[in-house]
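What follows is upload_33.cif (mmCIF, C-alpha atoms).
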data_input
#
loop_
_atom_site.label_atom_id
_atom_site.label_comp_id
_atom_site.auth_asym_id
_atom_site.auth_seq_id
_atom_site.Cartn_x
_atom_site.Cartn_y
_atom_site.Cartn_z
CA ILE A 1 0.00 0.00 0.00
CA VAL A 2 2.78 2.41 0.95
CA LYS A 3 4.86 3.00 -2.16
CA LYS A 4 8.62 3.21 -1.97
CA ASP A 5 10.31 6.51 -2.72
CA ALA A 6 10.90 6.99 -6.43
CA VAL A 7 14.43 6.17 -7.53
CA PRO A 8 15.95 9.07 -9.51
CA THR A 9 16.51 8.18 -13.16
CA SER A 10 19.73 9.19 -14.84
CA ARG A 11 19.54 11.36 -17.94
CA TYR A 12 21.77 8.76 -19.53
CA GLU A 13 19.85 5.70 -18.40
CA ASP A 14 19.89 4.26 -21.92
CA LYS A 15 23.70 4.33 -21.99
CA LEU A 16 23.91 2.78 -18.54
CA THR A 17 21.38 0.08 -19.36
CA ALA A 18 23.45 -0.82 -22.43
CA LEU A 19 26.33 -1.77 -20.11
CA ASN A 20 24.79 -5.22 -19.93
CA PRO A 21 26.78 -8.22 -18.60
CA GLN A 22 25.02 -10.37 -21.20
CA PHE A 23 27.32 -8.80 -23.80
CA PHE A 24 30.38 -10.33 -22.14
CA VAL A 25 30.00 -13.42 -24.32
CA THR A 26 30.52 -11.12 -27.32
CA PRO A 27 33.16 -8.60 -26.18
CA ALA A 28 32.77 -6.48 -29.33
CA LEU A 29 29.22 -5.62 -28.24
CA ALA A 30 30.37 -4.87 -24.71
CA PHE A 31 33.11 -2.58 -25.99
CA ASN A 32 30.60 -0.82 -28.23
CA SER A 33 28.41 -0.10 -25.20
CA CYS A 34 31.45 1.30 -23.37
CA TYR A 35 32.32 3.45 -26.38
CA ASP A 36 28.82 4.96 -26.51
CA ALA A 37 28.85 5.68 -22.78
CA LEU A 38 32.35 7.19 -22.96
CA LEU A 39 31.40 9.50 -25.84
CA THR A 40 28.35 10.61 -23.85
CA MET A 41 30.59 11.22 -20.86
CA PHE A 42 32.99 13.35 -22.93
CA ASP A 43 30.14 15.39 -24.39
CA ALA A 44 28.66 16.02 -20.94
CA SER A 45 32.04 17.21 -19.65
CA TYR A 46 32.62 19.38 -22.74
CA GLU A 47 29.19 21.00 -22.39
CA ASN A 48 29.85 21.67 -18.69
CA ILE A 49 33.10 23.41 -19.65
CA ARG A 50 31.13 25.66 -22.00
CA ARG A 51 28.60 26.41 -19.27
CA ALA A 52 31.39 27.17 -16.79
CA PHE A 53 33.11 29.64 -19.12
CA GLY A 54 29.75 31.30 -19.63
CA LEU A 55 29.40 31.83 -15.88
CA LEU A 56 32.63 33.83 -15.88
CA GLN A 57 30.88 36.35 -18.11
CA LYS A 58 27.51 36.31 -16.34
CA TYR A 59 26.87 34.26 -13.22
CA ASP A 60 23.56 32.40 -13.06
CA PRO A 61 22.73 30.15 -10.07
CA ALA A 62 20.44 28.02 -12.25
CA VAL A 63 23.33 27.24 -14.61
CA MET A 64 25.50 26.42 -11.60
CA ASP A 65 22.88 23.92 -10.46
CA THR A 66 22.86 22.37 -13.94
CA ILE A 67 26.65 22.02 -13.89
CA ARG A 68 26.56 20.29 -10.52
CA SER A 69 23.77 17.98 -11.63
CA GLU A 70 25.68 17.06 -14.79
CA GLU A 71 28.85 16.50 -12.77
CA ASN A 72 26.97 13.93 -10.70
CA GLU A 73 25.88 12.26 -13.94
CA ILE A 74 29.49 12.27 -15.21
CA ASP A 75 30.74 10.70 -11.98
CA ASN A 76 28.00 8.07 -12.19
CA LEU A 77 28.96 7.27 -15.78
CA ALA A 78 32.61 6.98 -14.73
CA ASP A 79 31.79 4.56 -11.91
CA ARG A 80 29.53 2.41 -14.03
CA ILE A 81 31.87 2.24 -17.02
CA SER A 82 34.87 1.45 -14.81
CA GLY A 83 33.01 -1.33 -13.03
CA TYR A 84 31.79 -2.75 -16.33
CA LEU A 85 35.29 -2.78 -17.79
CA VAL A 86 36.65 -4.58 -14.74
CA GLN A 87 34.01 -7.28 -15.16
CA LEU A 88 34.60 -7.44 -18.92
CA SER A 89 38.34 -7.93 -18.41
CA GLN A 90 37.66 -11.47 -17.19
CA HIS A 91 36.11 -12.37 -20.56
CA ILE A 92 38.76 -11.12 -23.00
CA SER A 93 42.01 -12.71 -24.05
CA SER A 94 43.34 -11.32 -27.33
CA ASP A 95 46.02 -8.63 -27.33
CA TYR A 96 43.76 -6.41 -29.44
CA GLN A 97 40.95 -6.57 -26.88
CA VAL A 98 43.38 -5.90 -24.05
CA MET A 99 44.60 -2.82 -25.90
CA ILE A 100 41.04 -1.51 -26.22
CA MET A 101 40.44 -2.26 -22.55
CA HIS A 102 43.47 -0.23 -21.48
CA GLN A 103 42.52 2.71 -23.69
CA TYR A 104 38.91 2.82 -22.53
CA TYR A 105 39.87 2.49 -18.88
CA ARG A 106 42.27 5.40 -19.32
CA MET A 107 39.59 7.49 -21.06
CA VAL A 108 37.21 7.06 -18.12
CA SER A 109 39.70 8.85 -15.89
CA GLU A 110 40.54 11.55 -18.44
CA PHE A 111 36.91 12.37 -19.28
CA GLU A 112 36.03 12.51 -15.58
CA ARG A 113 38.88 14.97 -15.02
CA LEU A 114 37.42 17.24 -17.71
CA GLY A 115 34.19 17.32 -15.72
CA ASP A 116 36.09 18.13 -12.53
CA HIS A 117 37.83 21.08 -14.17
CA ALA A 118 34.50 22.37 -15.49
CA GLU A 119 33.06 22.33 -11.97
CA ASN A 120 36.16 24.10 -10.62
CA ILE A 121 35.82 26.89 -13.19
CA ALA A 122 32.13 27.26 -12.31
CA GLU A 123 33.02 27.55 -8.62
CA TYR A 124 35.52 30.31 -9.40
CA ALA A 125 32.70 32.15 -11.18
CA MET A 126 30.51 31.68 -8.11
CA ASP A 127 33.28 33.06 -5.88
CA LEU A 128 33.58 36.11 -8.10
CA SER A 129 29.84 36.69 -7.83
CA ASP A 130 29.64 36.07 -4.07
CA LYS A 131 32.58 38.38 -3.34
CA GLU A 132 31.45 40.98 -5.91
CA ILE A 133 34.78 40.78 -7.70
CA THR A 134 35.17 41.54 -11.38
CA PHE A 135 38.13 40.92 -13.64
CA SER A 136 39.40 43.79 -15.76
CA GLU A 137 38.56 43.97 -19.44
CA LYS A 138 42.18 43.05 -20.19
CA ALA A 139 42.01 39.91 -18.04
CA MET A 140 38.68 38.87 -19.54
CA ASN A 141 40.05 39.24 -23.05
CA GLU A 142 42.88 36.91 -22.08
CA ILE A 143 40.36 34.40 -20.74
CA TYR A 144 38.34 34.64 -23.98
CA LEU A 145 41.44 33.66 -25.96
CA LEU A 146 42.09 30.73 -23.63
CA GLU A 147 38.44 29.75 -24.01
CA ASP A 148 38.76 29.78 -27.81
CA ILE A 149 41.86 27.58 -27.89
CA SER A 150 40.31 25.27 -25.27
CA TYR A 151 37.32 24.69 -27.56
CA GLU A 152 39.63 24.02 -30.49
CA ILE A 153 41.68 21.45 -28.60
CA LEU A 154 38.55 19.84 -27.13
CA GLY A 155 37.04 19.61 -30.61
CA TYR A 156 40.09 17.74 -31.90
CA SER A 157 40.00 15.50 -28.82
CA ARG A 158 36.39 14.55 -29.43
CA ARG A 159 37.02 13.81 -33.10
CA ALA A 160 40.12 11.82 -32.22
CA PHE A 161 38.19 9.58 -29.84
CA GLU A 162 34.97 9.35 -31.82
CA LYS A 163 36.57 8.46 -35.16
CA ARG A 164 39.91 7.13 -33.90
CA ASP A 165 41.20 9.95 -36.10
CA LEU A 166 44.99 10.11 -36.28
CA ASN A 167 45.00 13.50 -37.99
CA ALA A 168 42.84 15.03 -35.27
CA SER A 169 45.01 13.39 -32.61
CA GLU A 170 48.14 14.95 -34.07
CA HIS A 171 46.60 18.44 -33.94
CA ILE A 172 46.26 18.27 -30.15
CA GLU A 173 49.86 18.35 -28.94
CA PRO A 174 50.85 21.53 -30.86
CA LEU A 175 47.82 23.32 -29.37
CA GLU A 176 48.65 22.05 -25.89
CA GLN A 177 52.12 23.55 -26.21
CA VAL A 178 50.63 26.88 -27.28
CA VAL A 179 48.31 26.80 -24.25
CA ASP A 180 51.36 26.37 -22.02
CA GLU A 181 53.02 29.42 -23.61
CA MET A 182 49.84 31.47 -23.31
CA ILE A 183 49.50 30.61 -19.62
CA ILE A 184 53.10 31.71 -18.96
CA THR A 185 52.51 35.00 -20.79
CA ILE A 186 49.18 35.67 -19.09
CA ARG A 187 50.69 35.00 -15.66
CA GLU A 188 53.37 37.61 -16.46
CA HIS A 189 50.67 40.11 -17.45
CA HIS A 190 48.79 39.27 -14.27
CA LEU A 191 51.84 39.89 -12.08
CA GLU A 192 52.32 43.27 -13.75
CA ARG A 193 48.71 44.18 -12.90
CA LEU A 194 49.20 42.92 -9.36
CA SER A 195 52.38 44.99 -8.91
CA ILE A 196 50.59 48.24 -9.76
CA GLY A 197 47.54 47.52 -7.64
CA LEU A 198 45.08 46.53 -10.35
CA CYS A 199 44.32 43.20 -8.70
CA SER A 200 43.14 42.41 -5.18
CA VAL A 201 44.40 39.39 -3.24
CA ASP A 202 41.05 37.64 -3.69
CA ALA A 203 41.06 38.23 -7.44
CA ASP A 204 44.68 37.08 -7.59
CA ASN A 205 43.89 33.66 -6.12
CA ILE A 206 40.84 33.10 -8.29
CA PHE A 207 42.60 34.17 -11.48
CA LEU A 208 45.65 31.96 -10.93
CA ASN A 209 43.49 28.96 -10.02
CA LEU A 210 41.42 29.56 -13.14
CA LEU A 211 44.56 29.54 -15.29
CA SER A 212 45.67 26.27 -13.70
CA ASP A 213 42.40 24.53 -14.49
CA ILE A 214 42.42 25.76 -18.09
CA GLU A 215 45.98 24.51 -18.47
CA ARG A 216 45.00 21.13 -17.05
CA ILE A 217 42.13 20.82 -19.52
CA SER A 218 44.70 21.02 -22.32
CA ASP A 219 46.87 18.47 -20.47
CA VAL A 220 43.93 16.06 -20.38
CA CYS A 221 43.40 16.59 -24.11
CA SER A 222 47.08 15.83 -24.68
CA ASN A 223 46.64 12.53 -22.83
CA ILE A 224 43.58 11.71 -24.94
CA GLY A 225 45.45 12.44 -28.16
CA LEU A 226 48.45 10.35 -27.15
CA ALA A 227 46.20 7.44 -26.19
CA ILE A 228 44.57 7.48 -29.63
CA ILE A 229 47.95 7.72 -31.38
CA ALA A 230 49.21 4.78 -29.32
CA ARG A 231 46.08 2.80 -30.19
CA ILE A 232 46.76 3.34 -33.90
CA ASN A 233 50.54 2.95 -33.59
CA PRO A 234 51.10 0.39 -30.80
CA GLU A 235 54.88 0.61 -31.21
CA ILE A 236 54.92 3.90 -29.24
CA VAL A 237 52.93 2.57 -26.27
CA SER A 238 56.06 2.02 -24.18
CA GLU A 239 57.82 5.10 -25.56
CA GLN A 240 55.23 7.85 -25.27
CA HIS A 241 57.53 10.08 -23.24
CA ILE A 242 60.24 9.78 -25.86
CA TYR A 243 57.67 10.43 -28.59
CA THR A 244 56.41 13.67 -27.03
CA SER A 245 59.94 14.82 -26.14
CA GLN A 246 60.99 14.47 -29.76
CA LEU A 247 57.97 16.48 -30.88
CA HIS A 248 58.74 19.27 -28.43
CA GLU A 249 62.36 19.31 -29.56
CA GLY A 250 61.29 20.04 -33.14
CA ALA A 251 61.95 16.63 -34.68
CA ASP A 252 58.67 16.54 -36.63
CA GLU A 253 58.07 19.07 -39.41
CA THR A 254 54.28 18.68 -39.36
CA PHE A 255 54.18 19.27 -35.61
CA ASN A 256 56.40 22.35 -36.01
CA ARG A 257 54.16 23.80 -38.72
CA ARG A 258 50.97 23.27 -36.72
CA PHE A 259 52.58 24.65 -33.58
CA ASN A 260 53.78 27.80 -35.37
CA GLU A 261 50.39 28.32 -37.01
CA ALA A 262 48.57 28.02 -33.68
CA ARG A 263 51.17 30.20 -31.98
CA GLU A 264 50.68 32.87 -34.62
CA ARG A 265 46.90 32.81 -34.17
CA TYR A 266 46.78 32.87 -30.38
CA LEU A 267 50.04 34.37 -29.09
CA THR A 268 49.92 37.21 -31.62
CA ALA A 269 46.31 37.93 -30.64
CA LEU A 270 47.29 37.85 -26.97
CA GLU A 271 50.10 40.36 -27.42
CA LYS A 272 47.92 42.56 -29.61
CA LYS A 273 45.25 42.76 -26.93
CA GLU A 274 47.96 43.61 -24.40
CA GLU A 275 49.10 46.53 -26.55
CA GLU A 276 45.53 47.74 -27.10
CA HIS A 277 45.00 48.04 -23.35
CA THR A 278 48.29 49.68 -22.43
CA ASP A 279 46.78 53.16 -22.68
CA ALA A 280 43.96 52.15 -20.34
CA VAL A 281 46.16 51.28 -17.33
CA SER A 282 45.66 54.65 -15.65
CA ASP A 283 41.90 54.30 -15.97
CA ASP A 284 42.03 50.83 -14.42
CA ILE A 285 44.04 52.12 -11.47
CA SER A 286 41.46 54.81 -10.73
CA GLY A 287 38.66 52.20 -10.68
CA THR A 288 37.83 49.47 -8.19
CA THR A 289 40.70 47.50 -6.67
CA ASP A 290 38.72 44.27 -6.73
CA THR A 291 39.74 43.57 -10.32
CA ASP A 292 42.39 41.52 -12.01
#

Render the structure in this file as C-alpha cells.
Amino acid sequence: IVKKDAVPTSRYEDKLTALNPQFFVTPALAFNSCYDALLTMFDASYENIRRAFGLLQKYDPAVMDTIRSEENEIDNLADRISGYLVQLSQHISSDYQVMIMHQYYRMVSEFERLGDHAENIAEYAMDLSDKEITFSEKAMNEIYLLEDISYEILGYSRRAFEKRDLNASEHIEPLEQVVDEMIITIREHHLERLSIGLCSVDADNIFLNLLSDIERISDVCSNIGLAIIARINPEIVSEQHIYTSQLHEGADETFNRRFNEARERYLTALEKKEEEHTDAVSDDISGTTDTD
C-alpha cells in the first residue's frame, strides 16, 4: 500500500542500461556499449566546460545547479563504465581486446577529469559573484582567448576519440604547447597588474586557479590524443615520453608547422590585446581595486 520513494533516473539511463553483462560473451558488443557511454561522458564534460566559461561572463545560479547535476551524472557514468570494464576484463584474451580495454579504462579517468575542471571553473565564477569581484577587461580578453583555444583542442580531442582519427590526434599536442606558452605570458601580465595595484588578493587567487584549471584541460586533451595515437601505432605505447619529447624538440616538421600556425593565431592575438590596453592602465588604477 505504501509506495517506496521513487528512484531518480539518470539522464543517460539508456547508456547505462546498455552496459549489460550479457554482452560479455561477445566482447565487441560490450566494448561498443562502453564506447557509446564514454562518448556521452565526454560530451557532458565538454558542455559543462562551455557552461562554466559562460558563468565567468555572467553568473547564473540556475546554470551552476545544472553544472553540478551534470557533474553527478558524469561521476555516475565513470563509476559504471569502470566497473563494467573490470568485469569485462575477465572475458577477454586477445592482445587487441586488451589494448582496447586499457585505452577505454584510461579514457574514463581523463573524461572525468574534464568534468572536474569544469566544476572548478564554475566555482571560481561563483566566488567572483559572491565576493562581488570583477576581472578587468584586459584579463577577460585573455580568458576569452584561452576559451577559444580550449574549444579548439577539445574539438580535436572529441574527433580523435569518436573516429579514432589520427590526424585530429596529431593536432592536439601543438595546441597544448601553445596553451602552455599562453598561460606563462598571461601569468606575467597578471603579475604586472598585481604589482601596480590593479588586482586584489582575492582576485589574484581566483585568477591563478582559473589559469591552472584551463591549463589542465589542455593536459587532459594531450593525454587523450596520445592514447589514440598509441592505439593506432602500438609501437609507441612504451615510448610515449620519448615520442612527445621528440615532438617538443622540433623533430617533426608537421608538428612544427601546426605549432607555429597556432602560436601565430593565439600568441599574436594575446600580445595585440595587451598593446591595445596599455593606454587604459591609468583608468584601471582609478577604478575598483577588486579587479584583475

Enumerate, as a PDB file with C-alpha atoms, in the frame of the given file, the residues matched when the PyMOL selection byres ((chain A and resi 70-86) around 7) is run on the file above.
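The resulting file, part.pdb, is shown below:
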ATOM      1  CA  SER A  10      19.730   9.190 -14.840  1.00  0.00           C
ATOM      2  CA  LEU A  19      26.330  -1.770 -20.110  1.00  0.00           C
ATOM      3  CA  CYS A  34      31.450   1.300 -23.370  1.00  0.00           C
ATOM      4  CA  MET A  41      30.590  11.220 -20.860  1.00  0.00           C
ATOM      5  CA  ALA A  44      28.660  16.020 -20.940  1.00  0.00           C
ATOM      6  CA  THR A  66      22.860  22.370 -13.940  1.00  0.00           C
ATOM      7  CA  ILE A  67      26.650  22.020 -13.890  1.00  0.00           C
ATOM      8  CA  ARG A  68      26.560  20.290 -10.520  1.00  0.00           C
ATOM      9  CA  SER A  69      23.770  17.980 -11.630  1.00  0.00           C
ATOM     10  CA  GLN A  87      34.010  -7.280 -15.160  1.00  0.00           C
ATOM     11  CA  LEU A  88      34.600  -7.440 -18.920  1.00  0.00           C
ATOM     12  CA  SER A  89      38.340  -7.930 -18.410  1.00  0.00           C
ATOM     13  CA  TYR A 105      39.870   2.490 -18.880  1.00  0.00           C
ATOM     14  CA  VAL A 108      37.210   7.060 -18.120  1.00  0.00           C
ATOM     15  CA  GLU A 112      36.030  12.510 -15.580  1.00  0.00           C
ATOM     16  CA  GLY A 115      34.190  17.320 -15.720  1.00  0.00           C
TER      17      GLY A 115
END

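For the set A:Ala118, A:Leu208, A:Ile153, A:Leu128, the residue with the smallest atom-to-atom gap to Ala168 of chain A is A:Ile153, counting only C-alpha atoms.
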
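The gap separating atom CA of Asn120 of chain A from atom CA of Leu56 of chain A is 11.6 Å, in Å to one decimal.
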
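Using all atoms listed in the file, the smallest distance between any of A:His248, A:Lys58, A:Arg187, A:Arg231 and Thr134 of chain A comes from A:Lys58.
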
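Using all atoms listed in the file, the nearest neighbour of Ser109 of chain A within the list A:Leu194, A:Leu247, A:Ile206, A:Leu38 is A:Leu38.
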
(request) Name the closest residue to Asp202 of chain A among the candidates A:Tyr124, A:Tyr46, A:Arg11, A:Glu119; distances are taken between atoms, counting all atoms listed in the file. (result) A:Tyr124

(request) Name every residue that the PyMOL selection byres ((chain A and resi 127) around 12) selects in this structure, writing the answer as a ChimeraX atom specification with chains first and numbers rising. (result) /A:55-56,59,61,64,120-126,128-134,202-203,205-207,209-210

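Applied to this file, the PyMOL selection byres ((chain A and resi 114) around 8) selects the residues Phe42, Ser45, Tyr46, Ile49, Glu110, Phe111, Glu112, Arg113, Gly115, Asp116, His117, Ala118, Ile217 and Val220 of chain A.
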
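The spacing separating atom CA of Asp165 of chain A from atom CA of Pro234 of chain A amounts to 14.7 Å.
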
(request) Mind checking which residues fall within 7 Å of segment 254-259 of chain A, counting only C-alpha atoms, ignoring those fewer than 6 positions away in the same chain, and posting them as a count of residues only? (result) 4

(request) State, in Å with one decimal place, the distance from atom CA of Ser169 of chain A to atom CA of Asp219 of chain A. (result) 13.3 Å

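Nearest-residue note for Glu271 of chain A: choosing from A:Ala52, A:Leu39, A:Ile100, A:Leu145, the minimum distance belongs to A:Leu145, counting all atoms listed in the file.
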
(message) Taking 4 positions as the minimum chain separation for residues in the same chain, which residues sit within 10 Å of Tyr35 of chain A when counting only C-alpha atoms? Answer as a PyMOL selection string.
(response) chain A and resi 15+29-31+39-41+81+104+107+161-162

Please, could you write that set of residues out with C-alpha atoms as a short mmCIF file (atom, residue, chain, number, x, y, z; two decimals), keeping the file's coordinate frame?
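Saved the output as selection-v1.cif:
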data_model
loop_
_atom_site.label_atom_id
_atom_site.label_comp_id
_atom_site.auth_asym_id
_atom_site.auth_seq_id
_atom_site.Cartn_x
_atom_site.Cartn_y
_atom_site.Cartn_z
CA LYS A 15 23.70 4.33 -21.99
CA LEU A 29 29.22 -5.62 -28.24
CA ALA A 30 30.37 -4.87 -24.71
CA PHE A 31 33.11 -2.58 -25.99
CA LEU A 39 31.40 9.50 -25.84
CA THR A 40 28.35 10.61 -23.85
CA MET A 41 30.59 11.22 -20.86
CA ILE A 81 31.87 2.24 -17.02
CA TYR A 104 38.91 2.82 -22.53
CA MET A 107 39.59 7.49 -21.06
CA PHE A 161 38.19 9.58 -29.84
CA GLU A 162 34.97 9.35 -31.82
#

Would you compute, for all listed atoms of segment 219-224 of chain A, the axis-aligned bounding box grown by 3 Å on each side, and then report its centre and edge lengths in Å rounded to one decimal, as JSON?
{"center_x": 45.2, "center_y": 15.1, "center_z": -22.7, "size_x": 9.7, "size_y": 12.8, "size_z": 10.6}

Sorted per-residue table, segment 187-277 of chain A near segment 154-159 of chain A, closest atoms and distance, 7 Å, all atoms listed in the file, as CSV:
residue,atom,partner,partner_atom,distance
A:Cys221,CA,A:Ser157,CA,5.9
A:Ile224,CA,A:Ser157,CA,6.5
A:Gly225,CA,A:Ser157,CA,6.3
